[in-house]
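Remarks on the structure that follows.
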Amino acid sequence: MRGLPLALVAAALAFTGAAGPAAADRYVHANNSAYDTLDPHVVGDVARVATRLNFYDGLYRWVDNPPQLIPWLATSHTVSDDGLVWTFSLRDDVPFHDGSLMTAEDVVWSVERMLALKRGASTLFLPVLDPGATKALDDTTVEFTLKTPSAIFGSIVSDIYVMNSDLVKENEVDGDWGQAWLTDHVAGSGSYMLDRYDPAVGFIGERFEDHFAGWGESYYDEIEFRTVLETNTRVQGLMRGDYQGLDGYLAPDQIARLRDSDNVQIIEQESMRVFHFAMNNRRPPFDDVNFRKAMAHAFDYEGFIGSILQDSVVRNPTIIPNNMWGAPKDVEGYTFDLEKAKEYLDKVEGPIRTIHIGTLAGFSETEQAASLLQNALAKIGVTAEIESAPWPVVNSRMQDPEQMYDMVPYWKSTYYADPNNWIGELYGARYIPTRNVSGYDNPEVNARLEKALVSTDQAERQTLYEEAARIVYDDAAGIWIYNTKWYGPYSTEAAGIRFSPVGNAQDMRWAHPAD
Amino acid sequence: MRRIEIILSRLLWLIPTLVGLVVVVFFIANVVPTDPARIIAGENATTEQVEALRAELGFDRPLWEQLGIYVRDLATGNMGRSLYTQRPIADDLAHRLPATLELTFAAIIIAIGLGIPLGVVSAVKRNSLTDQVLRVLSVSGLAIASFWLAMELQMLFSTRWGLTPLNGRISGFGPDEITGFFVLDSLLTWDMESLGGALLHLLLPAVTLALPAAATILRFTRAGVLEVINSNFVLYETAMGLPRGLIIWKYVLRNALISTVTQIGLIFGVLFSGAVVVEAVFDWPGLGTYAVQSILQSDNKAILGFTILVGVVFIVVNLIVDILHTFIDPRTLK
Amino acid sequence: MTGLKRLLADRAAAIGAGLIAALVLVAILAPVLAPFPGDVSEFHLTERLLPPDATHLFGTDRMGSDLFSRILFGARITIAIAVIAVGVSVAIGVPIGLVAGYYGGWSGGLLMRASDIFLAVPQIVLAIAIAQTLGPSVENVILALSATYWPFWARLVYAETRAMKGQVFIEAAQALGASDFRVMVLHILPNIASAIIVRTSIGMGATILTAAALGFLGLGAPPPTPEWGRTISEAREFLPEAWWYAAAPGFAIFLVVMGFNLLGDGLRDILDPKIRRGAK
């Protein structure tokens with residue numbers, strides 16, 4: 001009776017030795033959130049991008065940093081003079097995982113599916129593209145007719161993930177566009193084919209040898225993405241050799257200890273992910289530019305970036321990332337200066353009340369930033385209260401003008417590499433209240449943003465965005481803090497990691513074992 | 001038959017209790033008017049999209065009507081879809097239940113293995129140094145925050161010394177699934193590598209969970225054994241010249257076991273409460289992790305499903321314990 | 001021997017009482033005892049994550065605040081949560097149990113069935129559900145704990161009252177024309193008080209553990225509140241290097257809960273002779 005458990009433990013110990021580290025041609029990634037679904041049309045977040053990039057292909061693909069669009073399923077496109085009709089030429093040699101060839105009909109069907117489900121990336125398309133406005137002219141030509149001109153349409157077609165429409169239709173239940181089936185099946189042409197999937201664990205992908213883009217000399221035959229929710233566990237696991245890679249936005253304390261490990265390399269890249277405080281410009285006293293300026297001068301940028309983040313990020317004076325075109329180069333950020341803050345505060349007419357800051361539960365950086373501001377505000381006589389809530393709750397409140405907090409610190413990531421992703425969506429009136437959560441509405445800014453959205457002249461667009469950014473800056477519509485650096489923590493056994501701010505290096509077809 | 005009567009009446013009570021639980025939890029999940037449609041629609045959805053989704057999913061109907069639909073669906077085993085992942089909640093819970101049960105069972109075995117012998121020793125050597133130490137340990141076992149203990153053990157054994165795995169039920173994917181219990185499945189498929197991995201992964205979480213339960217069992221066993229030792233028949237047997245050791249193991253232990261079985265319902269509660277946070281620390285892909293994830297995602301519907309499932313498990317466990325009790329201790333039939 | 005003397009004569013109970021007295025003192029005197037009382041909300045970003053030394057007895061946290069000071073102030077939150085949550089549960093549960101037990105019948109049965117519903121799941125599960133919907137704050141933690149803990153008291157008092165009802169002296173009081181209210185409050189309640197007191201002490205410990213777990217899960221006080229459970233969860237990402245960060249609040253919780261449990265055991269021995277421990 002007593003002997004049995006001991007024997008089992010001994011067996012257990014013996015076998016872990018046998019399991020050893022992962023084979024060299026296998027890549028194991030520890031991800032910070034769960035892969036609830038494999039359906040590329042229903043999720044659009046960065047945390048679950050690995051399934052989209054590795055199982056599916058889009059018309060174009062973002063690679064490298066600064067991000068570049070390269071031809072992918074489509075080889076080229078043309079735009080009509082009025083900017084409404086976009087025509088893409090497709091490759092004719094793209095096999096799906098079951099061997100059948102992709103045609104324009106698959107693209108049309110996939111677009112319609114995405115628009116009909118109204119989730120994930122569809123929110124980027126629905127404002128400009130109606131259902132039924134996509135046509136297959138022949139097997140290799142597809143044409144989109146937009147509702148309004150859109151200078152950014154070319155940047156977002158990477159998010160049109162094309163499905164094997166025949167295969168999905170076979171598995172459709174009650175006109176659900178195959179939703180139930182695609183939750184745990186893949187119908188794509190991507191670099192990897194689904195091998196195993198468990199929403200509680202993650203997925204394993206097996207290399208798709210016949211992928212249209214071919215393969216280099218070295219590659220991973222198998223990739224495994226595993227859900228490991230605890231940051232500390234991911235870090236420790238990488239150091240122990242359990243994993244070959246992690247997500248790249250770790251706290252500097254974690255990066256520092258990873259650097260100390262012989263098994264780990266850190267790949268550094270300047271990303272495009274701006275950390276800022278959204279301020280509810282609609283609600284007094286935030287409707288007073290003096291109050292907003294007081295706020296902008298009350299944040300300890302240096303303390304936050306230098307001490308808490310240990311200079312792992314760079315100051316970003318406006319909302320547009322420094323390394324994105326359209327960011328005005330000559331703007332100096334607001335400084336931490338409580339004297340100035342007090343001066344501006346004295347100019348504020350009307351009463352000053354307790355302000356409420358919403359932070360993202362589980363994202364300790366937002367809590368630390370809010371605490372820092374709260375602390376400084378107390379010194380100039382402004383009381384701030386912090387309310388922490390899960391992101392879905394915070395986000396849902398942000399989009400409701402009635403319920404929006406006074407301030408929320410959060411990141412604006414890259415969904416497509418165009419200034420509109422930042423300044424347009426956050427401060428353009430057309431995006432109130434969903435993405436422009438501060439309710440900032442300045443005709444001067446709107447005019448420039450709208451013009452930039454339809455203009456096809458790159459130089460003009462750049463000037464327009466720079467001008468708009470300056471006005472927003474002078475209005476102190478938000479507190480802009482830093483642009484993230486991406487620190488990709490990888491095992492020294494991995495090589496060829498190809499980073500792009502869109503997708504965060506999780507497109508695994510480029511990676512391979514180190515020699 | 002008195003026994004059948006008791007079981008039947010318990011079974012009859014099961015339904016109103018369950019219905020009550022559903023109603024209570026449903027209203028709890030809806031006290032604060034959050035906007036599930038907006039959460040589902042995602043962060044970039046337009047107002048029109050949210051409106052459309054709301055109507056489609058029935059969130060614009062009165063609450064009592066939503067409750068009616070929920071109960072009707074529940075009767076067919078349908079708990080709806082998660083607000084965040086869109087997965088069927090009942091499937092997800094069913095998939096994760098074996099993980100939690102496996103952990104809980106392992107913890108119960110450890111807890112009994114520690115609690116009963118130590119409890120007997122403590123009682124037999126009453127007021128000795130051993131007894132004092134054991135009593136301090138048992139009080140301590142109940143005073144430690146399990147999530148903290150889990151973190152500290154993980155830090156020492158996994159991070160510092162590298163003796164145990166950091167997290168999860170197994171490295172990567174488990175053995176071929178038959179029952180969902182990895183230890184059982186790997187035995188059934190004779191997959192020794194999985195068996196070793198599963199056991200090793202079980203070790204720390206199960207020990208963490210087991211400690212408070214072991215403390216509880218130790219206390220009950222000690223009290224139970226003391227009662228027996230002081231009772232007349234042991235005095236009588238001693239007087240008859242039976243060796244003390246034999247008396248203790250033969251009579252005393254039997255009574256101690258009875259008292260443990262009657263407390264299993266309570267112990268199961270202690271373990272289950274602990275599992276919610278301990279799983280979160282060890283990334284154990286069970287119900288606790290699911291609940292914690294649902295909290296972070298504000299997924300009211302998933303939490304609703306989780307609570308109801310736990311309620312069902314509990315009511316069933318307590319029912320079984322009560323039935324067992326009528327066999328072990330016939331006095332309850334009076 | 002008076003109750004207090006007997007209590008102090010029991011070593012374990014005396015230690016328990018001592019721990020609780022220390023907790024209360026620490027909570028009251030936190031502003032005086034803490035070397036850096038301002039660190040509840042102030043940061044020193046250049047002094048982040050320092051190990052314990054003479055200046056910072058328990059080291060510093062992720063914002064460079066003195067952990068020792070923060071733990072002392074955390075005692076206030078812990079006491080507030082435990083006292084209010086248990087107080088409210090007792091205030092709701094005891095009258096319900098008393099009335100249900102005294103009158104019995106279908107209404108009493110109904111009340112008990114209602115409490116069955118709440119007792120059907122572990123307390124923390126329901127508390128999570130409630131705290132999650134209401135949003136994270138100390139007030140909501142207290143609310144969630146009270147709302148899920150009263151049925152326990154209702155059950156306890158119900159059972160005790162039922163047992164008491166048949167007693168001769170209760171029947172005598174009724175025969176003498178005492179009102180129901182008078183019988184319940186003046187005759188039954190004092191006789192079941194000892195059971196309530198014993199369970200209150202142990203219940204405080206359990207409540208502190210549950211509250212800490214809610215804090216750990218992010219359902220408790222917002223930052224920078226020095227709540228112990230939240231501090232432990234903050235510390236997670238800095239382990240194993242900053243071992244002191246999680247160690248201090250963990251030990252604090254341990255000592256306080258231990259205090260209440262020991263005291264509860266001691267009180268049981270004194271107040272409830274039937275189950276006197278060890279039969280010395």
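Quick note on naming: the chains in the structure tokens go A, B, ... in the order shown, residues restart at 1 in each chain, and ligands are numbered from 1 in order of appearance.
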Exercise: segment 236-251 of chain C partners within 7 Å, only C-alpha atoms, chain neighbours under 5 positions left out, as a list in words
Thr231 and Asn232 of chain A; Trp148 and Met155 of chain B; Leu49, Pro51, Phe58, Gly59, Asp61, Ile71, Trp228 and Thr231 of chain C
Please produce an output containing N, CA, C and O atoms for each residue in the selection, written as a tab-separated table (two decimals), in the first residue's frame.
```tsv
chain	number	residue	atom	x	y	z
A	231	THR	N	2.58	34.88	-16.69
A	231	THR	CA	3.81	35.45	-17.25
A	231	THR	C	5.04	34.77	-16.68
A	231	THR	O	5.95	34.37	-17.39
A	232	ASN	N	5.04	34.64	-15.37
A	232	ASN	CA	6.20	34.09	-14.70
A	232	ASN	C	6.49	32.67	-15.19
A	232	ASN	O	7.64	32.29	-15.40
B	148	TRP	N	-1.17	31.13	-2.02
B	148	TRP	CA	0.18	31.54	-1.60
B	148	TRP	C	1.09	30.32	-1.46
B	148	TRP	O	2.22	30.30	-1.96
B	155	MET	N	7.66	28.05	-6.63
B	155	MET	CA	8.90	28.81	-6.70
B	155	MET	C	10.07	27.93	-6.26
B	155	MET	O	11.11	27.90	-6.91
C	49	LEU	N	11.86	47.12	-5.73
C	49	LEU	CA	12.25	45.73	-5.51
C	49	LEU	C	13.57	45.57	-4.75
C	49	LEU	O	14.43	44.77	-5.13
C	51	PRO	N	15.67	44.21	-1.60
C	51	PRO	CA	15.50	43.14	-0.61
C	51	PRO	C	15.44	43.73	0.81
C	51	PRO	O	15.83	44.88	1.02
C	58	PHE	N	10.80	44.58	5.28
C	58	PHE	CA	10.27	43.53	4.41
C	58	PHE	C	10.64	43.79	2.94
C	58	PHE	O	10.07	43.21	2.05
C	59	GLY	N	11.56	44.73	2.69
C	59	GLY	CA	11.91	45.05	1.31
C	59	GLY	C	10.94	46.05	0.70
C	59	GLY	O	10.08	46.60	1.40
C	61	ASP	N	8.40	47.16	-2.92
C	61	ASP	CA	7.60	46.53	-3.96
C	61	ASP	C	7.89	47.11	-5.34
C	61	ASP	O	8.88	47.84	-5.51
C	71	ILE	N	2.14	46.49	4.59
C	71	ILE	CA	1.53	45.35	5.26
C	71	ILE	C	0.78	45.83	6.51
C	71	ILE	O	-0.34	45.39	6.79
C	228	TRP	N	-3.61	42.52	1.23
C	228	TRP	CA	-2.62	41.45	1.24
C	228	TRP	C	-2.73	40.51	0.04
C	228	TRP	O	-1.74	40.14	-0.58
C	231	THR	N	-1.46	42.14	-3.01
C	231	THR	CA	0.00	42.26	-2.99
C	231	THR	C	0.65	40.96	-3.45
C	231	THR	O	1.62	40.97	-4.20
```
Per-residue nearest contacts chain C to chain A, cut-off 8 Å, using only C-alpha atoms, as CSV:
```
residue,atom,partner,partner_atom,distance
C:Ser41,CA,A:Asn375,CA,6.6
C:Glu42,CA,A:Asn375,CA,6.4
C:Phe43,CA,A:Leu372,CA,7.6
C:Leu45,CA,A:Ser307,CA,5.6
C:Thr46,CA,A:Ser307,CA,6.1
C:Arg48,CA,A:Ile308,CA,7.9
C:Arg62,CA,A:Ile308,CA,7.8
C:Met63,CA,A:Ile308,CA,7.4
C:Gly135,CA,A:Ala389,CA,6.7
C:Pro136,CA,A:Ser388,CA,6.6
C:Ser137,CA,A:Glu387,CA,7.9
C:Gly218,CA,A:Ala361,CA,6.7
C:Pro222,CA,A:Ser388,CA,5.6
C:Pro223,CA,A:Glu367,CA,6.4
C:Pro224,CA,A:Ser371,CA,6.4
C:Glu234,CA,A:Ser364,CA,7.7
C:Arg236,CA,A:Asn232,CA,6.9
C:Glu237,CA,A:Asn232,CA,5.1
C:Phe238,CA,A:Asp253,CA,7.5
C:Leu239,CA,A:Asn232,CA,7.3
```
Can I get the selected residues back with all heavy atoms, as a short mmCIF file (atom, residue, chain, number, x, y, z; two decimals), in the first residue's frame?
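What landed in selection-v2.cif:
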```cif
data_model
loop_
_atom_site.label_atom_id
_atom_site.label_comp_id
_atom_site.auth_asym_id
_atom_site.auth_seq_id
_atom_site.Cartn_x
_atom_site.Cartn_y
_atom_site.Cartn_z
N SER C 41 0.42 55.30 -0.64
CA SER C 41 0.13 55.83 -1.96
C SER C 41 1.34 56.48 -2.63
O SER C 41 1.26 56.91 -3.76
CB SER C 41 -1.01 56.85 -1.87
OG SER C 41 -0.65 57.88 -0.99
N GLU C 42 2.47 56.53 -1.92
CA GLU C 42 3.63 57.20 -2.51
C GLU C 42 4.62 56.19 -3.07
O GLU C 42 4.76 55.08 -2.56
CB GLU C 42 4.34 58.05 -1.46
CG GLU C 42 3.92 59.50 -1.50
CD GLU C 42 4.45 60.25 -0.32
OE1 GLU C 42 5.64 60.06 0.02
OE2 GLU C 42 3.68 61.03 0.27
N PHE C 43 5.34 56.64 -4.10
CA PHE C 43 6.30 55.75 -4.75
C PHE C 43 7.69 56.35 -4.75
O PHE C 43 7.85 57.55 -4.70
CB PHE C 43 5.87 55.48 -6.19
CG PHE C 43 4.42 55.21 -6.32
CD1 PHE C 43 3.62 55.94 -7.19
CD2 PHE C 43 3.83 54.23 -5.54
CE1 PHE C 43 2.27 55.68 -7.28
CE2 PHE C 43 2.48 53.97 -5.64
CZ PHE C 43 1.70 54.71 -6.51
N LEU C 45 10.50 55.54 -7.23
CA LEU C 45 10.77 54.67 -8.36
C LEU C 45 12.22 54.21 -8.47
O LEU C 45 12.51 53.23 -9.15
CB LEU C 45 10.34 55.36 -9.66
CG LEU C 45 8.85 55.66 -9.70
CD1 LEU C 45 8.48 56.37 -10.98
CD2 LEU C 45 8.04 54.36 -9.58
N THR C 46 13.12 54.90 -7.77
CA THR C 46 14.51 54.46 -7.84
C THR C 46 14.79 53.34 -6.85
O THR C 46 15.87 52.77 -6.84
CB THR C 46 15.46 55.63 -7.56
OG1 THR C 46 14.99 56.27 -6.37
CG2 THR C 46 15.46 56.62 -8.70
N ARG C 48 12.93 50.48 -6.40
CA ARG C 48 12.05 49.35 -6.65
C ARG C 48 12.70 48.02 -6.26
O ARG C 48 13.91 47.85 -6.43
CB ARG C 48 11.68 49.29 -8.13
CG ARG C 48 10.91 50.49 -8.61
CD ARG C 48 10.69 50.42 -10.11
NE ARG C 48 9.71 49.39 -10.44
CZ ARG C 48 9.96 48.37 -11.23
NH1 ARG C 48 11.15 48.21 -11.75
NH2 ARG C 48 9.03 47.48 -11.49
N ARG C 62 7.02 46.82 -6.29
CA ARG C 62 7.28 47.20 -7.68
C ARG C 62 7.27 48.71 -7.89
O ARG C 62 7.71 49.19 -8.93
CB ARG C 62 6.25 46.54 -8.60
CG ARG C 62 4.82 46.96 -8.28
CD ARG C 62 3.81 46.37 -9.23
NE ARG C 62 2.49 46.92 -8.92
CZ ARG C 62 1.39 46.65 -9.58
NH1 ARG C 62 1.43 45.83 -10.60
NH2 ARG C 62 0.25 47.18 -9.24
N MET C 63 6.69 49.46 -6.93
CA MET C 63 6.70 50.91 -7.07
C MET C 63 7.73 51.54 -6.14
O MET C 63 7.75 52.75 -5.97
CB MET C 63 5.31 51.49 -6.76
CG MET C 63 4.17 50.95 -7.60
SD MET C 63 4.37 51.28 -9.36
CE MET C 63 3.69 52.92 -9.49
N GLY C 135 -18.02 44.27 -9.86
CA GLY C 135 -16.80 45.01 -10.15
C GLY C 135 -15.89 45.02 -8.94
O GLY C 135 -16.35 44.91 -7.81
N PRO C 136 -14.57 45.14 -9.20
CA PRO C 136 -13.62 45.01 -8.10
C PRO C 136 -13.57 46.22 -7.18
O PRO C 136 -13.32 47.32 -7.63
CB PRO C 136 -12.27 44.84 -8.83
CG PRO C 136 -12.49 45.34 -10.20
CD PRO C 136 -13.95 45.37 -10.48
N SER C 137 -13.85 46.00 -5.90
CA SER C 137 -13.68 47.03 -4.87
C SER C 137 -13.85 46.37 -3.52
O SER C 137 -14.41 45.28 -3.42
CB SER C 137 -14.72 48.14 -5.02
OG SER C 137 -15.97 47.73 -4.51
N GLY C 218 -7.91 39.33 -8.40
CA GLY C 218 -8.14 40.63 -9.01
C GLY C 218 -9.55 41.15 -8.81
O GLY C 218 -9.99 42.07 -9.47
N PRO C 222 -8.79 48.04 -5.72
CA PRO C 222 -7.95 48.49 -6.84
C PRO C 222 -6.59 48.95 -6.33
O PRO C 222 -6.43 49.22 -5.15
CB PRO C 222 -8.74 49.67 -7.41
CG PRO C 222 -9.52 50.20 -6.25
CD PRO C 222 -9.84 49.02 -5.39
N PRO C 223 -5.61 49.08 -7.23
CA PRO C 223 -4.31 49.58 -6.82
C PRO C 223 -4.42 51.06 -6.49
O PRO C 223 -5.31 51.71 -7.02
CB PRO C 223 -3.47 49.41 -8.08
CG PRO C 223 -4.43 49.46 -9.21
CD PRO C 223 -5.69 48.84 -8.66
N PRO C 224 -3.60 51.61 -5.66
CA PRO C 224 -2.49 50.97 -4.96
C PRO C 224 -2.85 50.50 -3.54
O PRO C 224 -2.01 50.54 -2.66
CB PRO C 224 -1.46 52.09 -4.90
CG PRO C 224 -2.29 53.34 -4.82
CD PRO C 224 -3.62 53.05 -5.44
N GLU C 234 0.41 40.73 -7.13
CA GLU C 234 1.37 41.66 -7.75
C GLU C 234 2.77 41.06 -7.76
O GLU C 234 3.55 41.26 -8.69
CB GLU C 234 1.47 42.96 -6.94
CG GLU C 234 0.39 43.98 -7.20
CD GLU C 234 0.52 45.15 -6.23
OE1 GLU C 234 1.56 45.28 -5.55
OE2 GLU C 234 -0.43 45.92 -6.15
N ARG C 236 3.72 38.05 -8.01
CA ARG C 236 3.94 36.86 -8.83
C ARG C 236 4.97 37.03 -9.91
O ARG C 236 5.86 36.21 -10.10
CB ARG C 236 2.62 36.44 -9.50
CG ARG C 236 1.86 35.49 -8.68
CD ARG C 236 1.19 34.48 -9.55
NE ARG C 236 2.08 33.38 -9.87
CZ ARG C 236 1.70 32.33 -10.56
NH1 ARG C 236 0.49 32.27 -11.02
NH2 ARG C 236 2.55 31.36 -10.80
N GLU C 237 4.86 38.15 -10.65
CA GLU C 237 5.74 38.26 -11.81
C GLU C 237 7.18 38.55 -11.41
O GLU C 237 8.06 38.57 -12.26
CB GLU C 237 5.20 39.29 -12.80
CG GLU C 237 4.98 40.66 -12.25
CD GLU C 237 4.40 41.60 -13.31
OE1 GLU C 237 5.17 42.02 -14.16
OE2 GLU C 237 3.19 41.89 -13.27
N PHE C 238 7.43 38.78 -10.14
CA PHE C 238 8.79 39.07 -9.71
C PHE C 238 9.46 37.92 -8.98
O PHE C 238 10.54 38.06 -8.42
CB PHE C 238 8.81 40.35 -8.86
CG PHE C 238 8.22 41.53 -9.57
CD1 PHE C 238 6.98 42.01 -9.22
CD2 PHE C 238 8.89 42.12 -10.63
CE1 PHE C 238 6.41 43.09 -9.90
CE2 PHE C 238 8.34 43.19 -11.32
CZ PHE C 238 7.10 43.68 -10.95
N LEU C 239 8.78 36.77 -8.96
CA LEU C 239 9.38 35.59 -8.33
C LEU C 239 10.28 34.89 -9.34
O LEU C 239 10.02 34.96 -10.53
CB LEU C 239 8.28 34.63 -7.87
CG LEU C 239 7.44 35.11 -6.69
CD1 LEU C 239 6.41 34.05 -6.35
CD2 LEU C 239 8.28 35.43 -5.50
#
```
Using only C-alpha atoms, I'd like every residue of chain A that has an atom within 9 Å of chain B; please write them out as a count of residues only.
60
Write out as a ChimeraX atom specification each polymer residue whose atoms come within 10 Å of Glu177 of chain B, counting only C-alpha atoms; drop sequence neighbours fewer than 5 positions from it.
/B:182,184-186,188-189
Put those residues in a file: N, CA, C and O atoms, as a compact mmCIF listing (two decimals), in the first residue's frame.
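Saved file selection.txt follows:
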```txt
# COMPACT_ATOMS: atom_id res chain seq x y z
N PHE B 182 -6.12 11.79 -17.10
CA PHE B 182 -4.87 11.42 -17.76
C PHE B 182 -4.23 10.17 -17.15
O PHE B 182 -3.70 9.33 -17.87
N LEU B 184 -5.67 7.70 -15.66
CA LEU B 184 -6.46 6.54 -16.05
C LEU B 184 -6.26 6.22 -17.54
O LEU B 184 -6.00 5.08 -17.93
N ASP B 185 -6.33 7.27 -18.37
CA ASP B 185 -6.19 7.08 -19.81
C ASP B 185 -4.83 6.51 -20.18
O ASP B 185 -4.73 5.63 -21.05
N SER B 186 -3.78 7.01 -19.50
CA SER B 186 -2.46 6.51 -19.88
C SER B 186 -2.28 5.08 -19.41
O SER B 186 -1.57 4.30 -20.03
N LEU B 188 -4.87 2.92 -19.33
CA LEU B 188 -5.69 2.15 -20.26
C LEU B 188 -5.00 1.96 -21.60
O LEU B 188 -5.11 0.92 -22.23
N THR B 189 -4.27 2.98 -22.04
CA THR B 189 -3.58 2.87 -23.32
C THR B 189 -2.13 2.41 -23.14
O THR B 189 -1.37 2.33 -24.09
```
Quick check for you: according to DSSP on this backbone, which residues of segment 32-261 of chain C are classed as helix (DSSP H, G or I)? Reply as a ChimeraX atom specification.
/C:32-33,37-40,45-47,67-103,105-119,123-134,138-165,168-175,180-216,228-238,243-261
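Take the candidates B:Leu118, B:Ile267, B:Leu18, B:Leu204 and check each one against chain C using only C-alpha atoms; the shortest distance goes to B:Leu18.
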Report as CSV: every residue of chain B with an atom at most 8 Å from chain C, its closest pair of atoms, and their distance in Å to one decimal, counting only C-alpha atoms, with rows sorted by chain and ascending residue number.
```
residue,atom,partner,partner_atom,distance
B:Thr17,CA,C:Ile117,CA,5.5
B:Leu18,CA,C:Ile117,CA,7.4
B:Gly20,CA,C:Ile117,CA,6.1
B:Leu21,CA,C:Ile117,CA,5.4
B:Val25,CA,C:Ala129,CA,7.8
B:Ile28,CA,C:Ile130,CA,6.0
B:Ala29,CA,C:Thr133,CA,6.0
B:Asn30,CA,C:Thr133,CA,7.4
B:Val31,CA,C:Thr133,CA,7.0
B:Val32,CA,C:Thr133,CA,6.2
B:Arg126,CA,C:Gly278,CA,7.1
B:Asn127,CA,C:Gly278,CA,7.7
B:Val139,CA,C:Met258,CA,6.7
B:Ser140,CA,C:Met258,CA,6.3
B:Leu142,CA,C:Met258,CA,7.8
B:Ala143,CA,C:Val257,CA,5.2
B:Ile144,CA,C:Phe254,CA,5.1
B:Ala145,CA,C:Leu209,CA,5.9
B:Phe147,CA,C:Ala213,CA,7.2
B:Trp148,CA,C:Gly250,CA,6.2
B:Met151,CA,C:Arg236,CA,7.7
B:Met155,CA,C:Pro240,CA,5.9
B:Thr159,CA,C:Pro240,CA,7.2
B:Arg160,CA,C:Pro240,CA,7.5
B:Ala223,CA,C:Arg277,CA,7.8
B:Leu226,CA,C:Gly278,CA,7.2
B:Gly269,CA,C:Pro122,CA,5.9
B:Val270,CA,C:Pro122,CA,7.8
B:Phe272,CA,C:Pro122,CA,7.4
B:Ser273,CA,C:Pro122,CA,6.1
B:Val277,CA,C:Ala213,CA,7.1
B:Val292,CA,C:Leu217,CA,7.1
B:Ile295,CA,C:Gln132,CA,6.3
B:Ser298,CA,C:Gln132,CA,7.2
B:Asn300,CA,C:Thr133,CA,7.3
B:Ile303,CA,C:Ala129,CA,6.5
B:Leu304,CA,C:Ala129,CA,7.5
B:Thr307,CA,C:Val125,CA,6.5
B:Val310,CA,C:Val121,CA,6.3
B:Gly311,CA,C:Val121,CA,4.9
B:Phe314,CA,C:Ala120,CA,6.3
B:Ile315,CA,C:Ala120,CA,6.2
```
Go ahead and dump the residues you just picked, C-alpha atoms, as a short mmCIF file (atom, residue, chain, number, x, y, z; two decimals), in the first residue's frame.
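Output below, filename selection.cif:
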```
data_model
loop_
_atom_site.label_atom_id
_atom_site.label_comp_id
_atom_site.auth_asym_id
_atom_site.auth_seq_id
_atom_site.Cartn_x
_atom_site.Cartn_y
_atom_site.Cartn_z
CA THR B 17 -32.57 23.25 -4.94
CA LEU B 18 -31.09 23.14 -8.42
CA GLY B 20 -33.32 27.76 -7.00
CA LEU B 21 -29.60 27.80 -7.60
CA VAL B 25 -27.07 32.65 -9.94
CA ILE B 28 -26.51 37.50 -9.67
CA ALA B 29 -24.95 37.35 -13.11
CA ASN B 30 -27.32 40.04 -14.28
CA VAL B 31 -27.48 42.45 -11.32
CA VAL B 32 -25.32 44.96 -13.03
CA ARG B 126 -2.39 12.54 23.36
CA ASN B 127 -0.68 15.57 24.92
CA VAL B 139 -4.05 24.44 12.72
CA SER B 140 -1.40 25.85 10.39
CA LEU B 142 -6.00 25.45 7.78
CA ALA B 143 -4.52 28.92 8.09
CA ILE B 144 -2.39 29.03 4.95
CA ALA B 145 -3.80 30.77 1.91
CA PHE B 147 -2.78 30.27 -3.57
CA TRP B 148 0.18 31.54 -1.60
CA MET B 151 3.18 29.99 -5.40
CA MET B 155 8.90 28.81 -6.70
CA THR B 159 11.84 27.33 -10.40
CA ARG B 160 14.67 27.09 -7.92
CA ALA B 223 -11.42 13.70 17.99
CA LEU B 226 -10.21 10.01 21.42
CA GLY B 269 -15.88 21.53 -0.39
CA VAL B 270 -12.55 22.58 1.10
CA PHE B 272 -12.94 22.47 -4.48
CA SER B 273 -12.68 25.98 -3.08
CA VAL B 277 -7.12 29.42 -7.05
CA VAL B 292 -10.63 32.68 -13.47
CA ILE B 295 -13.63 36.51 -14.65
CA SER B 298 -16.09 39.38 -17.74
CA ASN B 300 -20.96 36.32 -17.05
CA ILE B 303 -19.35 32.01 -14.82
CA LEU B 304 -23.06 31.22 -14.61
CA THR B 307 -21.39 27.96 -10.83
CA VAL B 310 -20.22 23.13 -9.38
CA GLY B 311 -23.61 23.22 -7.68
CA PHE B 314 -21.75 19.30 -5.00
CA ILE B 315 -25.33 18.27 -4.60
#
```
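Checking C:Ala54, C:Ile142, C:Val168, C:Leu110 one by one against Ile79 of chain C, counting only C-alpha atoms, you find the shortest gap at C:Ile142.
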